[in-house]
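Shown next: entry14.pdb, containing PDB, C-alpha atoms, pLDDT in the B column.
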ATOM      1  CA  MET A   1    -106.169  14.341  13.492  1.00 42.00           C
ATOM      2  CA  ALA A   2    -108.949  16.721  12.578  1.00 45.00           C
ATOM      3  CA  LYS A   3    -111.132  15.182   9.835  1.00 54.00           C
ATOM      4  CA  GLY A   4    -114.323  17.231   9.969  1.00 60.00           C
ATOM      5  CA  SER A   5    -113.834  19.095   6.681  1.00 67.00           C
ATOM      6  CA  PRO A   6    -113.118  16.680   3.780  1.00 70.00           C
ATOM      7  CA  ASN A   7    -113.411  19.465   1.163  1.00 85.00           C
ATOM      8  CA  LEU A   8    -110.671  21.456   2.859  1.00 93.00           C
ATOM      9  CA  SER A   9    -107.590  20.770   0.733  1.00 95.00           C
ATOM     10  CA  TRP A  10    -105.859  24.133   0.257  1.00 96.00           C
ATOM     11  CA  CYS A  11    -105.929  27.766   1.256  1.00 97.00           C
ATOM     12  CA  LYS A  12    -104.158  30.986   0.391  1.00 97.00           C
ATOM     13  CA  ALA A  13    -102.815  33.308   3.088  1.00 97.00           C
ATOM     14  CA  ARG A  14    -101.378  36.799   3.233  1.00 95.00           C
ATOM     15  CA  LEU A  15     -99.221  38.513   5.837  1.00 94.00           C
ATOM     16  CA  GLY A  16    -101.131  41.332   7.523  1.00 92.00           C
ATOM     17  CA  SER A  17     -99.758  44.616   8.815  1.00 89.00           C
ATOM     18  CA  ASP A  18     -99.975  43.074  12.311  1.00 90.00           C
ATOM     19  CA  MET A  19     -97.397  40.452  11.164  1.00 92.00           C
ATOM     20  CA  ASN A  20     -99.977  37.679  11.456  1.00 96.00           C
ATOM     21  CA  TRP A  21    -101.089  35.469   8.570  1.00 97.00           C
ATOM     22  CA  TRP A  22    -104.709  35.709   7.404  1.00 97.00           C
ATOM     23  CA  VAL A  23    -106.556  33.363   5.035  1.00 97.00           C
ATOM     24  CA  SER A  24    -107.678  35.143   1.864  1.00 96.00           C
ATOM     25  CA  GLU A  25    -108.954  32.157  -0.155  1.00 96.00           C
ATOM     26  CA  ILE A  26    -109.961  28.616   0.774  1.00 96.00           C
ATOM     27  CA  SER A  27    -111.011  25.446  -1.049  1.00 96.00           C
ATOM     28  CA  ASP A  28    -114.226  25.054   0.983  1.00 94.00           C
ATOM     29  CA  PRO A  29    -115.895  28.499   1.083  1.00 92.00           C
ATOM     30  CA  ILE A  30    -119.253  26.921   1.937  1.00 89.00           C
ATOM     31  CA  HIS A  31    -118.120  25.938   5.436  1.00 90.00           C
ATOM     32  CA  TRP A  32    -115.321  28.458   5.920  1.00 94.00           C
ATOM     33  CA  ASP A  33    -115.701  32.234   5.993  1.00 93.00           C
ATOM     34  CA  THR A  34    -112.376  33.921   5.252  1.00 94.00           C
ATOM     35  CA  ASP A  35    -113.442  37.198   6.879  1.00 92.00           C
ATOM     36  CA  GLY A  36    -111.125  37.472   9.885  1.00 93.00           C
ATOM     37  CA  LEU A  37    -109.898  33.888   9.472  1.00 96.00           C
ATOM     38  CA  GLY A  38    -106.371  33.724  10.830  1.00 97.00           C
ATOM     39  CA  ILE A  39    -103.859  30.919  10.420  1.00 98.00           C
ATOM     40  CA  ILE A  40    -100.960  30.223  12.796  1.00 98.00           C
ATOM     41  CA  ASP A  41     -97.465  30.173  11.306  1.00 96.00           C
ATOM     42  CA  PRO A  42     -94.784  27.602  12.266  1.00 95.00           C
ATOM     43  CA  LYS A  43     -92.900  29.889  14.642  1.00 94.00           C
ATOM     44  CA  GLN A  44     -96.100  30.913  16.416  1.00 96.00           C
ATOM     45  CA  PHE A  45     -97.183  27.291  16.759  1.00 96.00           C
ATOM     46  CA  GLN A  46     -93.855  26.325  18.307  1.00 95.00           C
ATOM     47  CA  TYR A  47     -94.259  29.178  20.780  1.00 96.00           C
ATOM     48  CA  ILE A  48     -97.691  27.815  21.708  1.00 97.00           C
ATOM     49  CA  ILE A  49     -96.171  24.362  22.245  1.00 96.00           C
ATOM     50  CA  ASP A  50     -93.582  25.875  24.591  1.00 96.00           C
ATOM     51  CA  LEU A  51     -96.321  27.600  26.606  1.00 97.00           C
ATOM     52  CA  ILE A  52     -98.300  24.366  26.813  1.00 97.00           C
ATOM     53  CA  GLU A  53     -95.331  22.396  28.164  1.00 96.00           C
ATOM     54  CA  PRO A  54     -95.910  23.256  31.876  1.00 96.00           C
ATOM     55  CA  LEU A  55     -99.554  22.190  31.588  1.00 97.00           C
ATOM     56  CA  TYR A  56     -98.605  18.530  31.131  1.00 97.00           C
ATOM     57  CA  ASP A  57     -97.977  18.418  34.877  1.00 96.00           C
ATOM     58  CA  TYR A  58    -101.620  19.383  35.371  1.00 97.00           C
ATOM     59  CA  GLY A  59    -103.214  16.910  32.976  1.00 97.00           C
ATOM     60  CA  PHE A  60    -102.845  18.323  29.466  1.00 97.00           C
ATOM     61  CA  LEU A  61    -103.947  15.816  26.814  1.00 97.00           C
ATOM     62  CA  ASN A  62    -102.405  15.853  23.338  1.00 96.00           C
ATOM     63  CA  GLU A  63    -105.665  14.747  21.726  1.00 96.00           C
ATOM     64  CA  TYR A  64    -107.159  18.208  22.308  1.00 97.00           C
ATOM     65  CA  LEU A  65    -104.251  19.810  20.472  1.00 96.00           C
ATOM     66  CA  ASP A  66    -104.260  17.248  17.682  1.00 95.00           C
ATOM     67  CA  LYS A  67    -107.974  17.541  16.939  1.00 95.00           C
ATOM     68  CA  ALA A  68    -108.102  21.331  17.129  1.00 97.00           C
ATOM     69  CA  PHE A  69    -105.979  22.142  14.069  1.00 97.00           C
ATOM     70  CA  TYR A  70    -105.557  21.349  10.394  1.00 96.00           C
ATOM     71  CA  ALA A  71    -101.949  21.321   9.180  1.00 95.00           C
ATOM     72  CA  PHE A  72    -100.925  23.029   5.936  1.00 96.00           C
ATOM     73  CA  VAL A  73     -97.542  23.073   4.204  1.00 95.00           C
ATOM     74  CA  ILE A  74     -96.284  25.712   1.789  1.00 94.00           C
ATOM     75  CA  GLU A  75     -96.829  24.814  -1.845  1.00 93.00           C
ATOM     76  CA  LYS A  76     -96.002  28.103  -3.553  1.00 91.00           C
ATOM     77  CA  VAL A  77     -95.017  31.681  -2.808  1.00 91.00           C
ATOM     78  CA  ASP A  78     -96.792  34.184  -5.059  1.00 90.00           C
ATOM     79  CA  PRO A  79     -95.293  37.460  -6.317  1.00 88.00           C
ATOM     80  CA  ASP A  80     -97.904  39.409  -4.335  1.00 86.00           C
ATOM     81  CA  LYS A  81     -96.304  38.115  -1.104  1.00 86.00           C
ATOM     82  CA  SER A  82     -99.157  35.692  -0.417  1.00 92.00           C
ATOM     83  CA  ILE A  83     -98.573  31.965   0.022  1.00 95.00           C
ATOM     84  CA  GLN A  84    -100.456  28.961  -1.286  1.00 96.00           C
ATOM     85  CA  LEU A  85    -100.824  26.238   1.326  1.00 97.00           C
ATOM     86  CA  LYS A  86    -101.710  22.589   0.818  1.00 96.00           C
ATOM     87  CA  ARG A  87    -103.364  20.573   3.565  1.00 96.00           C
ATOM     88  CA  THR A  88    -101.441  17.592   4.830  1.00 92.00           C
ATOM     89  CA  GLN A  89    -103.201  14.548   6.254  1.00 86.00           C
ATOM     90  CA  GLU A  90    -100.494  14.050   8.858  1.00 86.00           C
ATOM     91  CA  SER A  91    -101.180  14.714  12.498  1.00 86.00           C
ATOM     92  CA  ILE A  92     -99.774  18.034  13.668  1.00 87.00           C
ATOM     93  CA  LEU A  93     -97.997  16.053  16.379  1.00 86.00           C
ATOM     94  CA  GLU A  94     -96.269  13.870  13.784  1.00 85.00           C
ATOM     95  CA  CYS A  95     -95.787  16.266  10.872  1.00 83.00           C
ATOM     96  CA  GLU A  96     -92.051  16.678  10.231  1.00 81.00           C
ATOM     97  CA  ASP A  97     -92.424  19.540   7.764  1.00 84.00           C
ATOM     98  CA  GLN A  98     -92.822  23.154   8.765  1.00 89.00           C
ATOM     99  CA  PHE A  99     -96.549  23.739   8.799  1.00 95.00           C
ATOM    100  CA  PHE A 100     -99.202  26.375   9.293  1.00 97.00           C
ATOM    101  CA  ALA A 101    -102.019  25.470  11.700  1.00 97.00           C
ATOM    102  CA  LEU A 102    -105.632  26.379  10.928  1.00 97.00           C
ATOM    103  CA  PRO A 103    -107.984  26.046  13.924  1.00 97.00           C
ATOM    104  CA  ASP A 104    -111.090  23.924  13.327  1.00 95.00           C
ATOM    105  CA  VAL A 105    -113.679  26.657  13.870  1.00 94.00           C
ATOM    106  CA  ILE A 106    -116.524  25.300  11.737  1.00 90.00           C
ATOM    107  CA  ASP A 107    -118.418  24.981  15.028  1.00 88.00           C
ATOM    108  CA  GLU A 108    -117.039  27.860  17.081  1.00 84.00           C
ATOM    109  CA  GLU A 109    -118.922  26.945  20.268  1.00 86.00           C
ATOM    110  CA  LYS A 110    -118.703  23.149  20.441  1.00 89.00           C
ATOM    111  CA  GLY A 111    -116.017  22.178  17.935  1.00 93.00           C
ATOM    112  CA  PRO A 112    -112.501  20.783  18.544  1.00 96.00           C
ATOM    113  CA  TYR A 113    -110.916  24.235  18.739  1.00 97.00           C
ATOM    114  CA  ALA A 114    -113.453  25.369  21.336  1.00 96.00           C
ATOM    115  CA  ASP A 115    -112.707  22.202  23.328  1.00 97.00           C
ATOM    116  CA  PHE A 116    -108.984  22.964  23.108  1.00 98.00           C
ATOM    117  CA  LEU A 117    -109.481  26.498  24.455  1.00 97.00           C
ATOM    118  CA  ASP A 118    -111.631  25.178  27.282  1.00 97.00           C
ATOM    119  CA  HIS A 119    -109.016  22.540  28.127  1.00 98.00           C
ATOM    120  CA  ILE A 120    -106.071  24.943  28.321  1.00 98.00           C
ATOM    121  CA  SER A 121    -108.161  27.523  30.209  1.00 98.00           C
ATOM    122  CA  LYS A 122    -109.007  25.044  32.958  1.00 98.00           C
ATOM    123  CA  LEU A 123    -105.417  23.831  33.206  1.00 98.00           C
ATOM    124  CA  ARG A 124    -103.970  27.339  33.224  1.00 97.00           C
ATOM    125  CA  ILE A 125    -106.215  28.236  36.161  1.00 96.00           C
ATOM    126  CA  LYS A 126    -105.325  24.967  37.870  1.00 97.00           C
ATOM    127  CA  MET A 127    -101.616  25.752  37.485  1.00 96.00           C
ATOM    128  CA  LEU A 128    -101.992  29.323  38.730  1.00 95.00           C
ATOM    129  CA  ASN A 129    -103.956  28.233  41.793  1.00 95.00           C
ATOM    130  CA  ALA A 130    -101.243  25.698  42.600  1.00 93.00           C
ATOM    131  CA  SER A 131     -98.410  28.176  42.038  1.00 91.00           C
ATOM    132  CA  LEU A 132     -99.655  31.481  43.450  1.00 89.00           C
ATOM    133  CA  ASP A 133    -100.260  32.359  47.076  1.00 84.00           C
ATOM    134  CA  MET A 134    -103.745  33.830  46.831  1.00 83.00           C
ATOM    135  CA  VAL A 135    -106.468  34.365  49.414  1.00 83.00           C
ATOM    136  CA  GLN A 136    -109.099  33.067  47.003  1.00 88.00           C
ATOM    137  CA  ASN A 137    -108.628  30.705  44.088  1.00 91.00           C
ATOM    138  CA  LEU A 138    -108.963  31.994  40.551  1.00 92.00           C
ATOM    139  CA  THR A 139    -111.777  30.775  38.320  1.00 94.00           C
ATOM    140  CA  VAL A 140    -112.059  30.117  34.590  1.00 95.00           C
ATOM    141  CA  ASP A 141    -114.765  32.783  34.465  1.00 95.00           C
ATOM    142  CA  GLU A 142    -112.236  35.415  35.567  1.00 93.00           C
ATOM    143  CA  LEU A 143    -109.827  34.367  32.834  1.00 94.00           C
ATOM    144  CA  GLU A 144    -112.551  34.373  30.178  1.00 93.00           C
ATOM    145  CA  GLU A 145    -113.790  37.789  31.278  1.00 92.00           C
ATOM    146  CA  ASN A 146    -110.275  39.195  30.971  1.00 89.00           C
ATOM    147  CA  ILE A 147    -109.921  37.769  27.459  1.00 90.00           C
ATOM    148  CA  ARG A 148    -113.328  39.081  26.379  1.00 90.00           C
ATOM    149  CA  GLU A 149    -112.318  42.567  27.478  1.00 89.00           C
ATOM    150  CA  GLU A 150    -109.202  42.429  25.292  1.00 86.00           C
ATOM    151  CA  GLN A 151    -111.162  41.086  22.333  1.00 86.00           C
ATOM    152  CA  ASN A 152    -113.761  43.822  22.752  1.00 88.00           C
ATOM    153  CA  LYS A 153    -110.966  46.405  22.614  1.00 86.00           C
ATOM    154  CA  ASP A 154    -109.788  44.907  19.329  1.00 82.00           C
ATOM    155  CA  PHE A 155    -113.333  44.992  17.976  1.00 81.00           C
ATOM    156  CA  MET A 156    -113.876  48.612  18.978  1.00 84.00           C
ATOM    157  CA  GLU A 157    -110.620  49.546  17.253  1.00 82.00           C
ATOM    158  CA  GLY A 158    -111.622  47.693  14.087  1.00 77.00           C
ATOM    159  CA  ARG A 159    -109.188  44.793  14.503  1.00 86.00           C
ATOM    160  CA  ASN A 160    -109.828  41.067  14.267  1.00 89.00           C
ATOM    161  CA  THR A 161    -108.402  38.978  17.106  1.00 91.00           C
ATOM    162  CA  HIS A 162    -105.968  36.474  15.649  1.00 96.00           C
ATOM    163  CA  TYR A 163    -106.110  32.894  16.937  1.00 96.00           C
ATOM    164  CA  PHE A 164    -102.477  33.113  18.025  1.00 97.00           C
ATOM    165  CA  SER A 165    -103.341  36.072  20.254  1.00 95.00           C
ATOM    166  CA  GLU A 166    -106.412  34.283  21.584  1.00 96.00           C
ATOM    167  CA  ILE A 167    -104.434  31.188  22.561  1.00 97.00           C
ATOM    168  CA  THR A 168    -101.449  32.991  24.068  1.00 97.00           C
ATOM    169  CA  ALA A 169    -103.765  35.260  26.061  1.00 96.00           C
ATOM    170  CA  ILE A 170    -104.946  32.119  27.853  1.00 97.00           C
ATOM    171  CA  LEU A 171    -101.548  30.462  28.207  1.00 97.00           C
ATOM    172  CA  GLU A 172     -99.914  33.658  29.484  1.00 96.00           C
ATOM    173  CA  TYR A 173    -102.782  34.814  31.682  1.00 94.00           C
ATOM    174  CA  ILE A 174    -101.885  35.882  35.190  1.00 91.00           C
ATOM    175  CA  PRO A 175    -103.868  38.121  37.551  1.00 87.00           C
ATOM    176  CA  GLU A 176    -102.637  41.663  37.996  1.00 80.00           C
ATOM    177  CA  GLY A 177    -100.057  42.062  40.744  1.00 76.00           C
ATOM    178  CA  PHE A 178     -98.735  38.493  40.500  1.00 78.00           C
ATOM    179  CA  GLU A 179     -95.952  36.832  38.550  1.00 79.00           C
ATOM    180  CA  LEU A 180     -94.676  33.314  37.995  1.00 77.00           C
ATOM    181  CA  ASP A 181     -91.146  32.002  38.245  1.00 71.00           C
ATOM    182  CA  ASN A 182     -90.198  31.552  34.580  1.00 59.00           C
ATOM    183  CA  GLU A 183     -86.807  29.926  35.091  1.00 38.00           C
ATOM    184  CA  GLU A 184     -87.976  26.467  34.023  1.00 47.00           C
ATOM    185  CA  VAL A 185     -89.808  27.834  30.998  1.00 45.00           C
ATOM    186  CA  GLU A 186     -86.741  29.822  29.911  1.00 46.00           C
ATOM    187  CA  GLU A 187     -84.511  26.766  30.240  1.00 43.00           C
ATOM    188  CA  ALA A 188     -86.903  24.745  28.121  1.00 41.00           C
ATOM    189  CA  ALA A 189     -86.950  27.484  25.507  1.00 45.00           C
ATOM    190  CA  ASP A 190     -83.148  27.514  25.385  1.00 44.00           C
ATOM    191  CA  GLU A 191     -83.054  23.756  24.847  1.00 44.00           C
ATOM    192  CA  GLU A 192     -85.401  24.118  21.888  1.00 44.00           C
ATOM    193  CA  ALA A 193     -83.515  27.069  20.396  1.00 44.00           C
ATOM    194  CA  PRO A 194     -82.236  25.139  17.326  1.00 44.00           C
ATOM    195  CA  LEU A 195     -85.785  24.141  16.422  1.00 39.00           C
ATOM    196  CA  LEU A 196     -87.067  27.666  16.937  1.00 44.00           C
ATOM    197  CA  ASN A 197     -84.284  29.002  14.742  1.00 51.00           C
ATOM    198  CA  GLU A 198     -85.132  26.475  12.067  1.00 43.00           C
ATOM    199  CA  LEU A 199     -88.783  27.455  12.118  1.00 40.00           C
ATOM    200  CA  SER A 200     -87.924  31.144  12.006  1.00 51.00           C
ATOM    201  CA  ASP A 201     -86.031  30.541   8.763  1.00 52.00           C
ATOM    202  CA  ILE A 202     -89.333  30.263   6.951  1.00 48.00           C
ATOM    203  CA  ASP A 203     -89.839  34.020   7.195  1.00 58.00           C
ATOM    204  CA  GLU A 204     -86.432  34.617   5.647  1.00 60.00           C
ATOM    205  CA  ASP A 205     -87.094  31.988   2.978  1.00 56.00           C
ATOM    206  CA  LEU A 206     -90.370  33.650   2.094  1.00 53.00           C
ATOM    207  CA  GLU A 207     -88.707  37.047   1.869  1.00 54.00           C
ATOM    208  CA  ASP A 208     -85.920  35.619  -0.304  1.00 57.00           C
ATOM    209  CA  ASP A 209     -88.402  33.898  -2.607  1.00 51.00           C
ATOM    210  CA  ILE A 210     -90.557  36.994  -2.851  1.00 45.00           C
ATOM    211  CA  GLU A 211     -87.615  39.298  -3.550  1.00 52.00           C
ATOM    212  CA  ALA A 212     -85.932  36.918  -5.991  1.00 52.00           C
ATOM    213  CA  ASP A 213     -88.068  37.903  -8.968  1.00 46.00           C
ATOM    214  CA  ASP A 214     -87.484  41.622  -8.483  1.00 47.00           C
ATOM    215  CA  THR A 215     -83.753  41.064  -8.001  1.00 45.00           C
ATOM    216  CA  MET A 216     -83.471  39.002 -11.174  1.00 43.00           C
ATOM    217  CA  LYS A 217     -85.360  41.637 -13.154  1.00 46.00           C
ATOM    218  CA  TRP A 218     -83.044  44.331 -11.803  1.00 45.00           C
ATOM    219  CA  GLU A 219     -79.965  42.298 -12.738  1.00 49.00           C
ATOM    220  CA  GLU A 220     -81.323  41.664 -16.238  1.00 51.00           C
ATOM    221  CA  GLU A 221     -82.000  45.358 -16.748  1.00 52.00           C
ATOM    222  CA  GLU A 222     -78.501  46.197 -15.499  1.00 54.00           C
ATOM    223  CA  GLU A 223     -76.944  43.695 -17.932  1.00 55.00           C
ATOM    224  CA  GLU A 224     -78.932  45.156 -20.813  1.00 55.00           C
ATOM    225  CA  ASN A 225     -77.828  48.669 -19.898  1.00 54.00           C
ATOM    226  CA  THR A 226     -74.205  47.522 -19.603  1.00 50.00           C
ATOM    227  CA  GLU A 227     -74.330  45.915 -23.040  1.00 51.00           C
ATOM    228  CA  GLU A 228     -75.750  49.086 -24.557  1.00 52.00           C
ATOM    229  CA  ASP A 229     -73.034  51.211 -22.936  1.00 51.00           C
ATOM    230  CA  PHE A 230     -70.371  48.784 -24.143  1.00 45.00           C
ATOM    231  CA  GLU A 231     -71.656  48.914 -27.706  1.00 49.00           C
ATOM    232  CA  GLU A 232     -71.610  52.698 -27.635  1.00 49.00           C
ATOM    233  CA  THR A 233     -68.085  52.998 -26.232  1.00 47.00           C
ATOM    234  CA  THR A 234     -66.529  50.298 -28.442  1.00 46.00           C
ATOM    235  CA  SER A 235     -68.042  51.271 -31.766  1.00 48.00           C
ATOM    236  CA  PRO A 236     -65.412  52.185 -34.393  1.00 48.00           C
ATOM    237  CA  PRO A 237     -64.690  55.899 -34.845  1.00 47.00           C
ATOM    238  CA  ASP A 238     -66.109  57.670 -37.838  1.00 52.00           C
ATOM    239  CA  GLU A 239     -63.623  57.987 -40.684  1.00 45.00           C
TER     240      GLU A 239
END

Final C-alpha cells representation of the file:
Amino acid sequence: MAKGSPNLSWCKARLGSDMNWWVSEISDPIHWDTDGLGIIDPKQFQYIIDLIEPLYDYGFLNEYLDKAFYAFVIEKVDPDKSIQLKRTQESILECEDQFFALPDVIDEEKGPYADFLDHISKLRIKMLNASLDMVQNLTVDELEENIREEQNKDFMEGRNTHYFSEITAILEYIPEGFELDNEEVEEAADEEAPLLNELSDIDEDLEDDIEADDTMKWEEEEEENTEEDFEETTSPPDE
C-alpha cells in the first residue's frame, strides 16, 4: 500500500464537464497541488483492472498497482455536487468498499505512479509484439511518443489530461492499421458485469443524494401551497 504521504487523510472532488473527477481541496496542500489533479472513480478503476488482465500473462506484478494509488471512500456528498472523500488505509487490492483512486504523483518522474506507467508500458509493448505480425517490433519509445502527442493536443486546447485517460491510452495502445482479437477481453468483461453494474450505481447514488435536497424542498413548498389553497376554499362563507 502507498504510504509516502502521512498527512494525506482526505480530499474533496468535483465532477468536471469532461465527466471526470478532479480534486478541488486536499488535506496536504504542501505536497499536493490541486491544479489539474485528477482522481479515478470506481467505475474507471474497474475498467483499468479489466484492461490490465491480459498483461498478467506477460509478467504484470500487483505490487506496482498497489503502490501507485491511494484509496479514498465517500464520506459525504455536498449540495454543490462535490464529494468529500476520506482516505482508507486498506490496500486497493483488498478494499471491499467502492473507492476512488488517487495516483501517487508527489514524485512524478520516479514515484510509484511513474513506475506503474513504465511497467504497463513495457508489458503492453511486449504483448503487442507477441500478438501482432509486424516486420519490426514496436518499442516503448513509440508508445510514449504517441501518448505525448495526445497530451500536447490537450494542452494546446487548454485541457488537463486526466490520469484515467493517461492510463487507458497505454493499455489500449495499438499501432495504426492493426487490431487485436478482443474476444477474450469481452468474455472477461461479461463475467464481471455484476461488479461493473454495482460500481456504476455510485453515479446514480450521487445523483439521488444531490437531488434529494431540492426534491424535498419542492415537496415542502407544494404542501404549503396546498394547505393555503385548502384554507381558502374551506373557509366559512360570509354571513

Taken to one decimal, the CA of Met127 (chain A)-CA of Glu142 (chain A) distance is 14.5 Å

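Every residue that the PyMOL selection byres ((chain A and resi 84-86) around 7) selects in this file is listed here: Ser9, Trp10, Cys11, Lys12, Ala13, Phe72, Val73, Ile74, Glu75, Lys76, Val77, Ser82, Ile83, Arg87 and Thr88 of chain A.
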
Please list as JSON, numbers by chain every residue within 8 Å of region 103-114 of chain A, counting all atoms listed in the file and excluding residues in the same chain fewer than 4 positions away. {"A": [2, 31, 32, 39, 64, 67, 68, 69, 70, 118, 163]}

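Counting all atoms listed in the file and comparing A:Ile147, A:Ile92, A:Val23, A:Met156, the residue that lies closest to Pro175 (chain A) is A:Ile147.
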
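Between CA of Lys126 (chain A) and CA of Glu94 (chain A) the separation is 28.0 Å.
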
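Computed from the coordinates, the CA of Phe45 (chain A) to CA of Arg159 (chain A) distance equals 21.3 Å.
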
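Across A:Glu179, A:Glu150, A:Asp115, A:Glu166, the tightest approach to Met134 (chain A) is made by A:Glu179 when counting only C-alpha atoms.
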